[in-house]
$ cat final_21.csv   # CSV, C-alpha atoms
chain,number,residue,atom,x,y,z
A,1,MET,CA,-5.6,-33.0,65.4
A,2,SER,CA,-5.6,-34.6,68.8
A,3,SER,CA,-2.5,-36.0,70.5
A,4,VAL,CA,-3.4,-39.6,69.7
A,5,LYS,CA,-4.0,-38.7,66.1
A,6,THR,CA,-0.7,-37.0,65.9
A,7,GLN,CA,1.0,-40.1,67.4
A,8,LEU,CA,-0.9,-42.3,64.8
A,9,ARG,CA,0.4,-40.2,62.0
A,10,ALA,CA,4.0,-40.2,63.3
A,11,ILE,CA,4.0,-44.0,63.8
A,12,PHE,CA,2.5,-44.5,60.3
A,13,ASP,CA,5.2,-42.3,58.7
A,14,LEU,CA,7.9,-44.0,60.6
A,15,THR,CA,6.6,-47.4,59.5
A,16,GLY,CA,6.6,-46.2,55.9
A,17,ASP,CA,10.2,-45.2,56.2
A,18,TYR,CA,11.2,-48.6,57.5
A,19,LEU,CA,9.1,-50.4,54.8
A,20,GLN,CA,10.9,-48.4,52.1
A,21,ALA,CA,14.3,-49.3,53.6
A,22,LEU,CA,13.2,-52.9,53.9
A,23,THR,CA,12.1,-53.2,50.2
A,24,GLU,CA,15.2,-51.3,48.9
A,25,THR,CA,17.5,-53.6,51.0
A,26,VAL,CA,15.7,-56.8,49.8
A,27,LYS,CA,16.3,-55.9,46.2
A,28,LYS,CA,20.0,-55.8,46.8
A,29,GLN,CA,20.2,-59.2,48.4
A,30,PRO,CA,21.1,-62.6,46.9
A,31,ILE,CA,17.7,-64.1,46.1
A,32,HIS,CA,17.4,-67.9,45.7
A,33,HIS,CA,13.7,-67.9,44.9
A,34,SER,CA,10.8,-65.5,44.5
A,35,ARG,CA,7.2,-66.5,43.8
A,36,TYR,CA,4.1,-64.3,44.0
A,37,PHE,CA,0.5,-65.6,43.8
A,38,GLU,CA,-1.8,-63.0,42.4
A,39,LEU,CA,-5.4,-63.1,43.6
A,40,PRO,CA,-8.4,-61.2,42.3
A,41,ALA,CA,-8.9,-57.9,44.2
A,42,PRO,CA,-12.1,-58.1,46.3
A,43,THR,CA,-15.0,-56.0,45.1
A,44,THR,CA,-18.1,-54.7,47.0
A,45,ASP,CA,-20.1,-57.6,45.5
A,46,ASP,CA,-17.7,-60.1,47.3
A,47,GLU,CA,-18.7,-58.7,50.7
A,48,ARG,CA,-22.2,-60.2,50.3
A,49,GLN,CA,-21.4,-63.7,49.2
A,50,ALA,CA,-19.0,-66.5,50.0
A,51,LEU,CA,-16.7,-67.2,47.0
A,52,SER,CA,-17.0,-70.7,45.6
A,53,SER,CA,-13.7,-70.3,43.6
A,54,ILE,CA,-10.6,-68.1,43.7
A,55,PRO,CA,-8.3,-68.2,40.7
A,56,VAL,CA,-4.5,-67.9,41.3
A,57,THR,CA,-2.0,-66.5,38.9
A,58,ALA,CA,1.6,-67.3,39.8
A,59,HIS,CA,4.5,-65.0,39.0
A,60,ASP,CA,8.2,-65.6,39.5
A,61,GLY,CA,11.6,-63.9,39.1
A,62,GLN,CA,11.8,-60.1,38.8
A,63,GLN,CA,8.0,-59.7,38.3
A,64,ALA,CA,7.4,-61.7,41.5
A,65,LEU,CA,10.0,-59.7,43.4
A,66,LEU,CA,8.4,-56.4,42.3
A,67,SER,CA,4.9,-57.6,43.4
A,68,ILE,CA,6.2,-58.8,46.7
A,69,CYS,CA,7.9,-55.5,47.5
A,70,ASN,CA,4.8,-53.5,46.5
A,71,SER,CA,2.5,-55.7,48.5
A,72,TYR,CA,4.1,-54.6,51.8
A,73,THR,CA,2.8,-51.0,51.2
A,74,ASP,CA,-0.6,-51.9,49.8
A,75,PHE,CA,-2.8,-50.6,52.6
A,76,TYR,CA,-4.8,-47.8,51.1
A,77,ARG,CA,-8.5,-48.1,50.0
A,78,GLN,CA,-9.0,-48.1,46.3
A,79,GLN,CA,-12.0,-46.8,44.4
A,80,GLY,CA,-14.2,-49.6,43.1
A,81,LEU,CA,-12.8,-52.2,45.5
A,82,SER,CA,-14.1,-53.4,48.8
A,83,SER,CA,-13.3,-51.2,51.8
A,84,LYS,CA,-14.2,-54.1,54.2
A,85,MET,CA,-12.2,-56.9,52.7
A,86,ALA,CA,-8.5,-56.4,52.6
A,87,ARG,CA,-6.5,-57.4,49.5
A,88,ARG,CA,-4.3,-60.5,50.1
A,89,HIS,CA,-0.8,-61.0,48.8
A,90,PRO,CA,0.4,-64.6,49.2
A,91,GLY,CA,4.0,-65.1,48.1
A,92,LEU,CA,7.4,-66.4,49.1
A,93,ILE,CA,10.9,-65.1,48.9
A,94,VAL,CA,13.9,-67.1,49.8
A,95,LEU,CA,17.0,-65.0,50.6
A,96,ALA,CA,20.6,-65.9,51.3
A,97,LYS,CA,21.2,-66.7,55.0
A,98,GLN,CA,23.7,-63.8,55.1
A,99,SER,CA,20.8,-61.4,54.6
A,100,GLU,CA,19.3,-62.0,58.0
A,101,SER,CA,21.5,-59.5,59.8
A,102,GLU,CA,20.5,-56.7,57.5
A,103,LEU,CA,16.8,-57.4,57.1
A,104,ILE,CA,15.4,-58.9,60.3
A,105,PRO,CA,16.0,-55.6,62.3
A,106,TYR,CA,13.8,-53.8,59.8
A,107,ILE,CA,11.1,-56.5,59.8
A,108,ASP,CA,11.0,-56.7,63.6
A,109,LYS,CA,10.8,-52.9,63.9
A,110,ILE,CA,8.0,-52.7,61.3
A,111,ASN,CA,6.0,-55.4,63.2
A,112,GLU,CA,6.5,-53.5,66.4
A,113,LEU,CA,5.3,-50.2,65.0
A,114,LYS,CA,2.2,-51.8,63.5
A,115,MET,CA,1.3,-53.3,66.9
A,116,GLU,CA,1.9,-49.9,68.5
A,117,PHE,CA,-0.4,-48.2,65.9
A,118,LYS,CA,-3.1,-50.8,66.6
A,119,LYS,CA,-2.9,-50.4,70.3
A,120,LEU,CA,-3.3,-46.7,70.0
A,121,VAL,CA,-6.4,-47.1,67.7
A,122,LEU,CA,-8.0,-49.4,70.3
A,123,THR,CA,-7.7,-46.8,73.0
A,124,TYR,CA,-10.9,-45.3,71.4
A,125,ASP,CA,-14.1,-46.8,72.8
A,126,ASN,CA,-16.1,-47.6,69.6
A,127,ASN,CA,-15.7,-48.2,65.9
A,128,ASP,CA,-17.0,-44.8,64.9
A,129,ALA,CA,-14.3,-43.0,67.0
A,130,ARG,CA,-11.6,-45.4,65.8
A,131,PHE,CA,-12.6,-44.8,62.2
A,132,ASP,CA,-12.5,-41.0,62.7
A,133,ALA,CA,-9.2,-41.1,64.4
A,134,VAL,CA,-7.5,-43.3,61.8
A,135,HIS,CA,-8.9,-41.5,58.8
A,136,SER,CA,-8.2,-38.1,60.2
A,137,ALA,CA,-4.6,-39.1,60.8
A,138,VAL,CA,-4.1,-41.2,57.6
A,139,PRO,CA,-6.9,-40.6,55.0
A,140,GLY,CA,-7.9,-43.7,53.1
A,141,LEU,CA,-6.0,-46.1,55.2
A,142,GLN,CA,-7.3,-49.7,55.3
A,143,THR,CA,-6.4,-50.7,58.8
A,144,LEU,CA,-6.9,-54.5,58.2
A,145,SER,CA,-4.1,-54.3,55.7
A,146,PHE,CA,-1.8,-52.1,57.7
A,147,TYR,CA,-2.0,-54.2,60.8
A,148,ARG,CA,-0.7,-57.3,59.1
A,149,ARG,CA,2.6,-58.7,60.4
A,150,ILE,CA,5.4,-59.7,58.1
A,151,HIS,CA,6.3,-63.3,58.9
A,152,TYR,CA,9.7,-64.8,58.3
A,153,GLU,CA,11.8,-67.9,59.1
A,154,GLY,CA,15.5,-68.4,59.4
A,155,ASN,CA,15.8,-71.7,61.2
A,156,SER,CA,16.2,-74.1,58.3
A,157,PRO,CA,12.8,-75.6,57.7
A,158,SER,CA,12.5,-78.7,55.6
A,159,SER,CA,9.5,-77.3,53.6
A,160,VAL,CA,7.4,-74.2,53.1
A,161,ARG,CA,4.0,-74.8,51.5
A,162,PHE,CA,0.7,-73.1,50.9
A,163,THR,CA,-2.9,-74.0,51.4
A,164,TRP,CA,-6.3,-72.5,51.8
A,165,MET,CA,-7.8,-72.2,55.3
A,166,LYS,CA,-11.6,-72.1,55.8
A,167,LYS,CA,-12.8,-71.7,59.3
A,168,HIS,CA,-15.5,-70.2,61.6
A,169,SER,CA,-15.3,-67.6,64.4
A,170,THR,CA,-17.2,-69.1,67.3
A,171,LYS,CA,-18.4,-67.2,70.4
A,172,SER,CA,-20.6,-68.4,73.2
A,173,LEU,CA,-22.9,-66.0,75.1
A,174,SER,CA,-25.8,-65.9,77.4
A,175,ARG,CA,-29.4,-64.9,76.7
A,176,LYS,CA,-28.8,-61.7,78.6
A,177,LEU,CA,-25.7,-60.8,76.7
A,178,ALA,CA,-27.4,-61.5,73.4
A,179,LEU,CA,-30.3,-59.2,74.3
A,180,THR,CA,-27.8,-56.5,75.3
A,181,MET,CA,-26.0,-56.8,71.9
A,182,LEU,CA,-29.3,-56.6,70.0
A,183,GLU,CA,-30.4,-53.5,72.1
A,184,ARG,CA,-27.2,-51.8,71.2
A,185,SER,CA,-27.6,-52.7,67.5
A,186,SER,CA,-31.0,-51.1,67.3
A,187,ALA,CA,-29.3,-47.7,67.2
A,188,TYR,CA,-27.2,-48.6,64.2
A,189,SER,CA,-28.3,-47.6,60.7
A,190,ASN,CA,-27.3,-48.4,57.2
A,191,PRO,CA,-29.4,-46.2,54.9
A,192,ARG,CA,-28.0,-47.8,51.8
A,193,MET,CA,-29.5,-51.2,52.8
A,194,ILE,CA,-32.6,-50.5,55.0
A,195,ASP,CA,-34.3,-47.4,56.4
A,196,GLN,CA,-34.2,-46.8,60.2
A,197,THR,CA,-37.9,-47.8,60.8
A,198,GLN,CA,-37.5,-51.1,59.0
A,199,TRP,CA,-34.2,-51.7,60.8
A,200,GLN,CA,-35.6,-51.2,64.3
A,201,ARG,CA,-38.6,-53.4,63.4
A,202,LEU,CA,-36.2,-56.2,62.3
A,203,VAL,CA,-34.2,-55.9,65.5
A,204,GLU,CA,-37.3,-55.9,67.7
A,205,GLN,CA,-38.4,-59.2,66.0
A,206,GLU,CA,-34.9,-60.6,66.8
A,207,LYS,CA,-35.1,-59.5,70.4
A,208,ALA,CA,-38.5,-61.2,70.8
A,209,LYS,CA,-37.0,-64.5,69.6
A,210,VAL,CA,-34.2,-64.3,72.1
A,211,ALA,CA,-36.4,-63.1,74.9
A,212,SER,CA,-38.7,-66.1,74.5
A,213,LEU,CA,-35.9,-68.4,75.5
A,214,SER,CA,-35.3,-69.5,79.1
A,215,HIS,CA,-32.9,-67.5,81.2
A,216,ASN,CA,-30.3,-70.2,81.3
A,217,GLU,CA,-30.3,-70.9,77.6
A,218,LYS,CA,-26.8,-71.1,76.1
A,219,LEU,CA,-26.3,-69.4,72.7
A,220,ARG,CA,-23.5,-69.4,70.2
A,221,ILE,CA,-22.5,-67.2,67.3
A,222,ARG,CA,-20.8,-69.2,64.6
A,223,ARG,CA,-19.8,-66.8,62.0
A,224,PRO,CA,-18.1,-68.0,58.8
A,225,ILE,CA,-14.8,-66.4,57.9
A,226,ARG,CA,-13.9,-66.2,54.2
A,227,VAL,CA,-11.3,-68.7,53.0
A,228,THR,CA,-7.8,-67.3,53.3
A,229,PRO,CA,-4.3,-68.4,52.1
A,230,GLU,CA,-2.0,-69.9,54.7
A,231,VAL,CA,1.7,-70.7,54.9
A,232,ASN,CA,2.7,-74.0,56.4
A,233,VAL,CA,6.2,-74.3,57.7
A,234,ARG,CA,7.5,-77.8,58.5
A,235,PHE,CA,10.7,-78.9,60.3
A,236,SER,CA,9.6,-82.4,61.1
A,237,ASP,CA,6.4,-84.4,61.7
A,238,ALA,CA,6.4,-83.2,65.3
A,239,ARG,CA,7.5,-79.6,64.6
A,240,ARG,CA,5.6,-77.4,62.3
A,241,TYR,CA,3.5,-74.3,62.3
A,242,HIS,CA,1.3,-72.2,60.1
A,243,VAL,CA,0.8,-68.4,59.7
A,244,SER,CA,-1.3,-66.1,57.6
A,245,GLY,CA,-0.4,-65.9,53.9
A,246,ALA,CA,-2.0,-62.5,53.4
A,247,LEU,CA,1.5,-61.1,52.9
A,248,PRO,CA,4.5,-62.7,51.3
A,249,PHE,CA,6.5,-65.0,53.6
A,250,ILE,CA,10.3,-64.5,53.9
A,251,VAL,CA,12.8,-67.4,54.4
A,252,PHE,CA,16.5,-67.0,55.1
A,253,ASP,CA,18.1,-70.2,53.9
A,254,ASP,CA,20.8,-71.5,51.6
A,255,ASN,CA,19.6,-75.1,51.5
A,256,PRO,CA,19.1,-76.0,47.8
A,257,ASP,CA,16.9,-78.9,48.9
A,258,LEU,CA,14.3,-76.8,50.7
A,259,LYS,CA,10.9,-78.0,49.5
A,260,LEU,CA,8.7,-75.1,48.3
A,261,GLY,CA,5.0,-75.4,47.5
A,262,GLU,CA,2.6,-73.6,45.3
A,263,LEU,CA,-0.7,-71.9,46.1
A,264,THR,CA,-3.3,-73.5,43.7
A,265,SER,CA,-6.6,-72.0,42.7
A,266,TYR,CA,-9.4,-72.5,45.3
A,267,THR,CA,-12.6,-74.4,44.6
A,268,LEU,CA,-15.2,-74.9,47.2
A,269,LYS,CA,-15.6,-78.5,48.2
A,270,GLU,CA,-18.6,-79.4,50.4
A,271,ASP,CA,-17.6,-81.4,53.5
A,272,PRO,CA,-19.9,-84.5,53.7
A,273,ARG,CA,-19.8,-84.2,57.5
A,274,LYS,CA,-21.0,-80.6,57.5
A,275,ARG,CA,-24.1,-80.0,59.5
A,276,GLU,CA,-26.8,-77.4,58.8
A,277,TYR,CA,-27.4,-74.9,61.6
A,278,GLU,CA,-30.8,-73.6,62.4
A,279,TYR,CA,-30.1,-70.0,63.3
A,280,LEU,CA,-32.2,-68.1,65.8
A,281,VAL,CA,-31.0,-64.9,64.3
A,282,GLU,CA,-29.6,-65.5,60.8
A,283,ARG,CA,-28.2,-62.0,60.4
A,284,LEU,CA,-25.8,-62.6,63.4
A,285,TYR,CA,-25.4,-66.4,62.9
A,286,LEU,CA,-26.8,-66.7,66.4
A,287,ALA,CA,-28.0,-70.2,67.2
A,288,LYS,CA,-28.9,-72.2,70.3
A,289,GLY,CA,-25.8,-73.7,72.0
A,290,GLU,CA,-25.1,-77.4,72.2
$ encode --input "final_21.csv" --output "structure tokens"
Amino acid sequence: MSSVKTQLRAIFDLTGDYLQALTETVKKQPIHHSRYFELPAPTTDDERQALSSIPVTAHDGQQALLSICNSYTDFYRQQGLSSKMARRHPGLIVLAKQSESELIPYIDKINELKMEFKKLVLTYDNNDARFDAVHSAVPGLQTLSFYRRIHYEGNSPSSVRFTWMKKHSTKSLSRKLALTMLERSSAYSNPRMIDQTQWQRLVEQEKAKVASLSHNEKLRIRRPIRVTPEVNVRFSDARRYHVSGALPFIVFDDNPDLKLGELTSYTLKEDPRKREYEYLVERLYLAKGE
């Protein structure tokens, strides 16, 4: 095992020690409120289609606390589930203000170690090398789950609520850069979906479409990102923020009037202002820029 892989394993093991200490300490604290919103685990079928609905099953009390603690260490791939889509664990635990001094050092150290792990992985040049490094060091690890920060708040918000966020990842690029990207992808292969000859023929057709454009043509990739739970923390109308709800959110607060929201089941609603995009390359969501 190389030096970097050895470091990855050491950081992973240390993170695990801190996570165990965190969850054991949480269970000993005065708990004002615990709520866990169970979502269906993503399957391989979910990778190929956007979900039009996501049912939510809410748990509270001791069952919620157990699910919350388990969620922080749910970062291994599971047979029969998607390896590309990480499982999400929205939830909320409100702890006594006195718990801050015991728990925040653990949380900050865990987040620091996760970032250190990610930075080491990114020292490898390409995805294949990163995959090999990670899975040599920690077999079966799902990096998307492991990288997630644990978010918390201790500054007396007026409310903590949940919602679903649906957005797009947008990237602008030139004709030249698009051709370079396509040229690079011609060497990729996915024998489960398409043989190499068919794949290269498809990429050549895409390259021809892009090459037919003028040199100064502006292009844009507008890739949809699957809907995701989000935590909205509000102090006042002018002071609020939101963070990912992929892991349970922790609040340190003794205020009995703190307003707490629920994550309701998701149902797709079409935006009447939505415009249809004519993609130059549908596979990459590549369209002419505006």
$ atom_distance --input "final_21.csv" --atom1 "atom CA of A:His32" --atom2 "atom CA of A:Ser236"
22.5 Å
$ atom_distance --input "final_21.csv" --atom1 "atom CA of A:Met85" --atom2 "atom CA of A:Gly140"
13.9 Å
$ closest_residue --input "final_21.csv" --among "A:Trp199, A:Tyr266, A:Trp164, A:Phe235" --to "A:Leu51" --atoms "all atoms listed in the file"
A:Tyr266
$ residues_near_point --input "final_21.csv" --point "(-10.5, -69.0, 43.4)" --cutoff "6 Å" --atoms "only C-alpha atoms" --output "PDB file with C-alpha atoms, keeping the file's coordinate frame"
ATOM      1  CA  SER A  53     -13.700 -70.300  43.600  1.00  0.00           C
ATOM      2  CA  ILE A  54     -10.600 -68.100  43.700  1.00  0.00           C
ATOM      3  CA  PRO A  55      -8.300 -68.200  40.700  1.00  0.00           C
ATOM      4  CA  SER A 265      -6.600 -72.000  42.700  1.00  0.00           C
ATOM      5  CA  TYR A 266      -9.400 -72.500  45.300  1.00  0.00           C
ATOM      6  CA  THR A 267     -12.600 -74.400  44.600  1.00  0.00           C
TER       7      THR A 267
END
$ atom_distance --input "final_21.csv" --atom1 "atom CA of A:Ser34" --atom2 "atom CA of A:Gly261"
11.9 Å
$ closest_residue --input "final_21.csv" --among "A:Val138, A:Leu92, A:Ile150, A:Ile68" --to "A:Ile104" --atoms "only C-alpha atoms"
A:Ile150
$ residues_around --input "final_21.csv" --residues "A:Gln78" --least-positions-apart "3" --cutoff "12 Å" --atoms "all atoms listed in the file" --output "count of residues only"
17
$ closest_residue --input "final_21.csv" --among "A:Ile110, A:His89, A:Ser99, A:Thr264" --to "A:Phe249" --atoms "only C-alpha atoms"
A:His89
$ residues_around --input "final_21.csv" --residues "A:Gln63" --least-positions-apart "2" --cutoff "12 Å" --atoms "all atoms listed in the file" --output "JSON, numbers by chain"
{"A": [33, 34, 35, 36, 37, 38, 58, 59, 60, 61, 65, 66, 67, 68, 69, 70, 91]}
$ closest_residue --input "final_21.csv" --among "A:Lys288, A:Val160, A:Tyr241, A:Gln7" --to "A:Lys119" --atoms "only C-alpha atoms"
A:Gln7
$ closest_atom_pairs --input "final_21.csv" --of "stretch 143-208 of chain A" --to "stretch 226-231 of chain A" --cutoff "8 Å" --atoms "all atoms listed in the file" --output "Markdown table"
| residue | atom | partner | partner_atom | distance |
| --- | --- | --- | --- | --- |
| A:Val160 | CA | A:Val231 | CA | 6.9 |
| A:Arg161 | CA | A:Val231 | CA | 5.8 |
| A:Phe162 | CA | A:Val231 | CA | 4.8 |
| A:Thr163 | CA | A:Glu230 | CA | 5.3 |
| A:Trp164 | CA | A:Pro229 | CA | 4.6 |
| A:Met165 | CA | A:Thr228 | CA | 5.3 |
| A:Lys166 | CA | A:Val227 | CA | 4.4 |
| A:Lys167 | CA | A:Val227 | CA | 7.1 |
$ residues_around --input "final_21.csv" --residues "stretch 171-176 of chain A" --least-positions-apart "2" --cutoff "9 Å" --atoms "only C-alpha atoms" --output "VMD selection string"
chain A and resid 169 178 to 181 210 to 211 213 to 223 289
$ closest_residue --input "final_21.csv" --among "A:Gln196, A:Asp45, A:Glu262, A:Ser186" --to "A:Gly80" --atoms "only C-alpha atoms"
A:Asp45
$ closest_residue --input "final_21.csv" --among "A:Thr143, A:Lys207, A:Lys259, A:Val56" --to "A:Asn127" --atoms "only C-alpha atoms"
A:Thr143
$ residues_around --input "final_21.csv" --residues "A:Thr15" --least-positions-apart "6" --cutoff "9 Å" --atoms "all atoms listed in the file" --output "list of chain:residue names"
A:Lys109, A:Ile110, A:Asn111, A:Leu113, A:Lys114
$ build_atoms --input "final_21.csv" --residues "stretch 120-153 of chain A" --atoms "N, CA and C atoms" --output "PDB file, in the coordinates of the input"
ATOM      1  N   LEU A 120      -2.868 -48.041  69.854  1.00  0.00           N
ATOM      2  CA  LEU A 120      -3.300 -46.700  70.000  1.00  0.00           C
ATOM      3  C   LEU A 120      -4.762 -46.513  69.430  1.00  0.00           C
ATOM      4  N   VAL A 121      -5.027 -47.158  68.298  1.00  0.00           N
ATOM      5  CA  VAL A 121      -6.400 -47.100  67.700  1.00  0.00           C
ATOM      6  C   VAL A 121      -7.398 -47.685  68.691  1.00  0.00           C
ATOM      7  N   LEU A 122      -7.026 -48.764  69.365  1.00  0.00           N
ATOM      8  CA  LEU A 122      -8.000 -49.400  70.300  1.00  0.00           C
ATOM      9  C   LEU A 122      -8.180 -48.692  71.591  1.00  0.00           C
ATOM     10  N   THR A 123      -7.456 -47.592  71.790  1.00  0.00           N
ATOM     11  CA  THR A 123      -7.700 -46.800  73.000  1.00  0.00           C
ATOM     12  C   THR A 123      -9.063 -46.022  72.837  1.00  0.00           C
ATOM     13  N   TYR A 124      -9.564 -45.925  71.596  1.00  0.00           N
ATOM     14  CA  TYR A 124     -10.900 -45.300  71.400  1.00  0.00           C
ATOM     15  C   TYR A 124     -11.960 -46.346  71.685  1.00  0.00           C
ATOM     16  N   ASP A 125     -13.086 -45.876  72.243  1.00  0.00           N
ATOM     17  CA  ASP A 125     -14.100 -46.800  72.800  1.00  0.00           C
ATOM     18  C   ASP A 125     -14.911 -47.530  71.756  1.00  0.00           C
ATOM     19  N   ASN A 126     -15.170 -46.939  70.604  1.00  0.00           N
ATOM     20  CA  ASN A 126     -16.100 -47.600  69.600  1.00  0.00           C
ATOM     21  C   ASN A 126     -15.554 -47.439  68.218  1.00  0.00           C
ATOM     22  N   ASN A 127     -16.200 -48.168  67.326  1.00  0.00           N
ATOM     23  CA  ASN A 127     -15.700 -48.200  65.900  1.00  0.00           C
ATOM     24  C   ASN A 127     -15.797 -46.867  65.242  1.00  0.00           C
ATOM     25  N   ASP A 128     -16.835 -46.069  65.537  1.00  0.00           N
ATOM     26  CA  ASP A 128     -17.000 -44.800  64.900  1.00  0.00           C
ATOM     27  C   ASP A 128     -15.793 -43.854  65.282  1.00  0.00           C
ATOM     28  N   ALA A 129     -15.446 -43.865  66.577  1.00  0.00           N
ATOM     29  CA  ALA A 129     -14.300 -43.000  67.000  1.00  0.00           C
ATOM     30  C   ALA A 129     -13.015 -43.505  66.453  1.00  0.00           C
ATOM     31  N   ARG A 130     -12.852 -44.825  66.343  1.00  0.00           N
ATOM     32  CA  ARG A 130     -11.600 -45.400  65.800  1.00  0.00           C
ATOM     33  C   ARG A 130     -11.505 -44.999  64.296  1.00  0.00           C
ATOM     34  N   PHE A 131     -12.619 -45.125  63.583  1.00  0.00           N
ATOM     35  CA  PHE A 131     -12.600 -44.800  62.200  1.00  0.00           C
ATOM     36  C   PHE A 131     -12.234 -43.333  61.964  1.00  0.00           C
ATOM     37  N   ASP A 132     -12.840 -42.454  62.766  1.00  0.00           N
ATOM     38  CA  ASP A 132     -12.500 -41.000  62.700  1.00  0.00           C
ATOM     39  C   ASP A 132     -11.084 -40.737  62.968  1.00  0.00           C
ATOM     40  N   ALA A 133     -10.554 -41.370  64.009  1.00  0.00           N
ATOM     41  CA  ALA A 133      -9.200 -41.100  64.400  1.00  0.00           C
ATOM     42  C   ALA A 133      -8.195 -41.568  63.300  1.00  0.00           C
ATOM     43  N   VAL A 134      -8.413 -42.781  62.784  1.00  0.00           N
ATOM     44  CA  VAL A 134      -7.500 -43.300  61.800  1.00  0.00           C
ATOM     45  C   VAL A 134      -7.557 -42.483  60.503  1.00  0.00           C
ATOM     46  N   HIS A 135      -8.767 -42.155  60.053  1.00  0.00           N
ATOM     47  CA  HIS A 135      -8.900 -41.500  58.800  1.00  0.00           C
ATOM     48  C   HIS A 135      -8.630 -39.986  58.840  1.00  0.00           C
ATOM     49  N   SER A 136      -8.631 -39.443  60.054  1.00  0.00           N
ATOM     50  CA  SER A 136      -8.200 -38.100  60.200  1.00  0.00           C
ATOM     51  C   SER A 136      -6.635 -38.041  60.179  1.00  0.00           C
ATOM     52  N   ALA A 137      -6.023 -39.063  60.766  1.00  0.00           N
ATOM     53  CA  ALA A 137      -4.600 -39.100  60.800  1.00  0.00           C
ATOM     54  C   ALA A 137      -3.988 -39.585  59.453  1.00  0.00           C
ATOM     55  N   VAL A 138      -4.620 -40.623  58.853  1.00  0.00           N
ATOM     56  CA  VAL A 138      -4.100 -41.200  57.600  1.00  0.00           C
ATOM     57  C   VAL A 138      -5.321 -41.413  56.665  1.00  0.00           C
ATOM     58  N   PRO A 139      -5.726 -40.400  55.901  1.00  0.00           N
ATOM     59  CA  PRO A 139      -6.900 -40.600  55.000  1.00  0.00           C
ATOM     60  C   PRO A 139      -6.764 -41.731  54.071  1.00  0.00           C
ATOM     61  N   GLY A 140      -7.830 -42.541  53.999  1.00  0.00           N
ATOM     62  CA  GLY A 140      -7.900 -43.700  53.100  1.00  0.00           C
ATOM     63  C   GLY A 140      -7.161 -44.912  53.508  1.00  0.00           C
ATOM     64  N   LEU A 141      -6.665 -44.941  54.744  1.00  0.00           N
ATOM     65  CA  LEU A 141      -6.000 -46.100  55.200  1.00  0.00           C
ATOM     66  C   LEU A 141      -6.937 -47.285  55.459  1.00  0.00           C
ATOM     67  N   GLN A 142      -6.568 -48.479  55.026  1.00  0.00           N
ATOM     68  CA  GLN A 142      -7.300 -49.700  55.300  1.00  0.00           C
ATOM     69  C   GLN A 142      -6.604 -50.412  56.451  1.00  0.00           C
ATOM     70  N   THR A 143      -7.137 -50.272  57.652  1.00  0.00           N
ATOM     71  CA  THR A 143      -6.400 -50.700  58.800  1.00  0.00           C
ATOM     72  C   THR A 143      -6.139 -52.242  58.804  1.00  0.00           C
ATOM     73  N   LEU A 144      -7.084 -53.037  58.273  1.00  0.00           N
ATOM     74  CA  LEU A 144      -6.900 -54.500  58.200  1.00  0.00           C
ATOM     75  C   LEU A 144      -5.589 -54.828  57.483  1.00  0.00           C
ATOM     76  N   SER A 145      -5.303 -54.081  56.423  1.00  0.00           N
ATOM     77  CA  SER A 145      -4.100 -54.300  55.700  1.00  0.00           C
ATOM     78  C   SER A 145      -2.852 -53.811  56.399  1.00  0.00           C
ATOM     79  N   PHE A 146      -2.986 -52.658  57.035  1.00  0.00           N
ATOM     80  CA  PHE A 146      -1.800 -52.100  57.700  1.00  0.00           C
ATOM     81  C   PHE A 146      -1.395 -52.864  58.915  1.00  0.00           C
ATOM     82  N   TYR A 147      -2.343 -53.471  59.634  1.00  0.00           N
ATOM     83  CA  TYR A 147      -2.000 -54.200  60.800  1.00  0.00           C
ATOM     84  C   TYR A 147      -1.221 -55.494  60.591  1.00  0.00           C
ATOM     85  N   ARG A 148      -1.231 -55.999  59.394  1.00  0.00           N
ATOM     86  CA  ARG A 148      -0.700 -57.300  59.100  1.00  0.00           C
ATOM     87  C   ARG A 148       0.832 -57.393  59.449  1.00  0.00           C
ATOM     88  N   ARG A 149       1.198 -58.476  60.127  1.00  0.00           N
ATOM     89  CA  ARG A 149       2.600 -58.700  60.400  1.00  0.00           C
ATOM     90  C   ARG A 149       3.302 -59.273  59.163  1.00  0.00           C
ATOM     91  N   ILE A 150       4.591 -59.027  59.087  1.00  0.00           N
ATOM     92  CA  ILE A 150       5.400 -59.700  58.100  1.00  0.00           C
ATOM     93  C   ILE A 150       6.081 -60.869  58.746  1.00  0.00           C
ATOM     94  N   HIS A 151       5.801 -62.053  58.250  1.00  0.00           N
ATOM     95  CA  HIS A 151       6.300 -63.300  58.900  1.00  0.00           C
ATOM     96  C   HIS A 151       7.585 -63.736  58.120  1.00  0.00           C
ATOM     97  N   TYR A 152       8.501 -64.314  58.891  1.00  0.00           N
ATOM     98  CA  TYR A 152       9.700 -64.800  58.300  1.00  0.00           C
ATOM     99  C   TYR A 152      10.243 -66.017  59.083  1.00  0.00           C
ATOM    100  N   GLU A 153      11.176 -66.751  58.477  1.00  0.00           N
ATOM    101  CA  GLU A 153      11.800 -67.900  59.100  1.00  0.00           C
ATOM    102  C   GLU A 153      13.237 -68.026  58.726  1.00  0.00           C
TER     103      GLU A 153
END
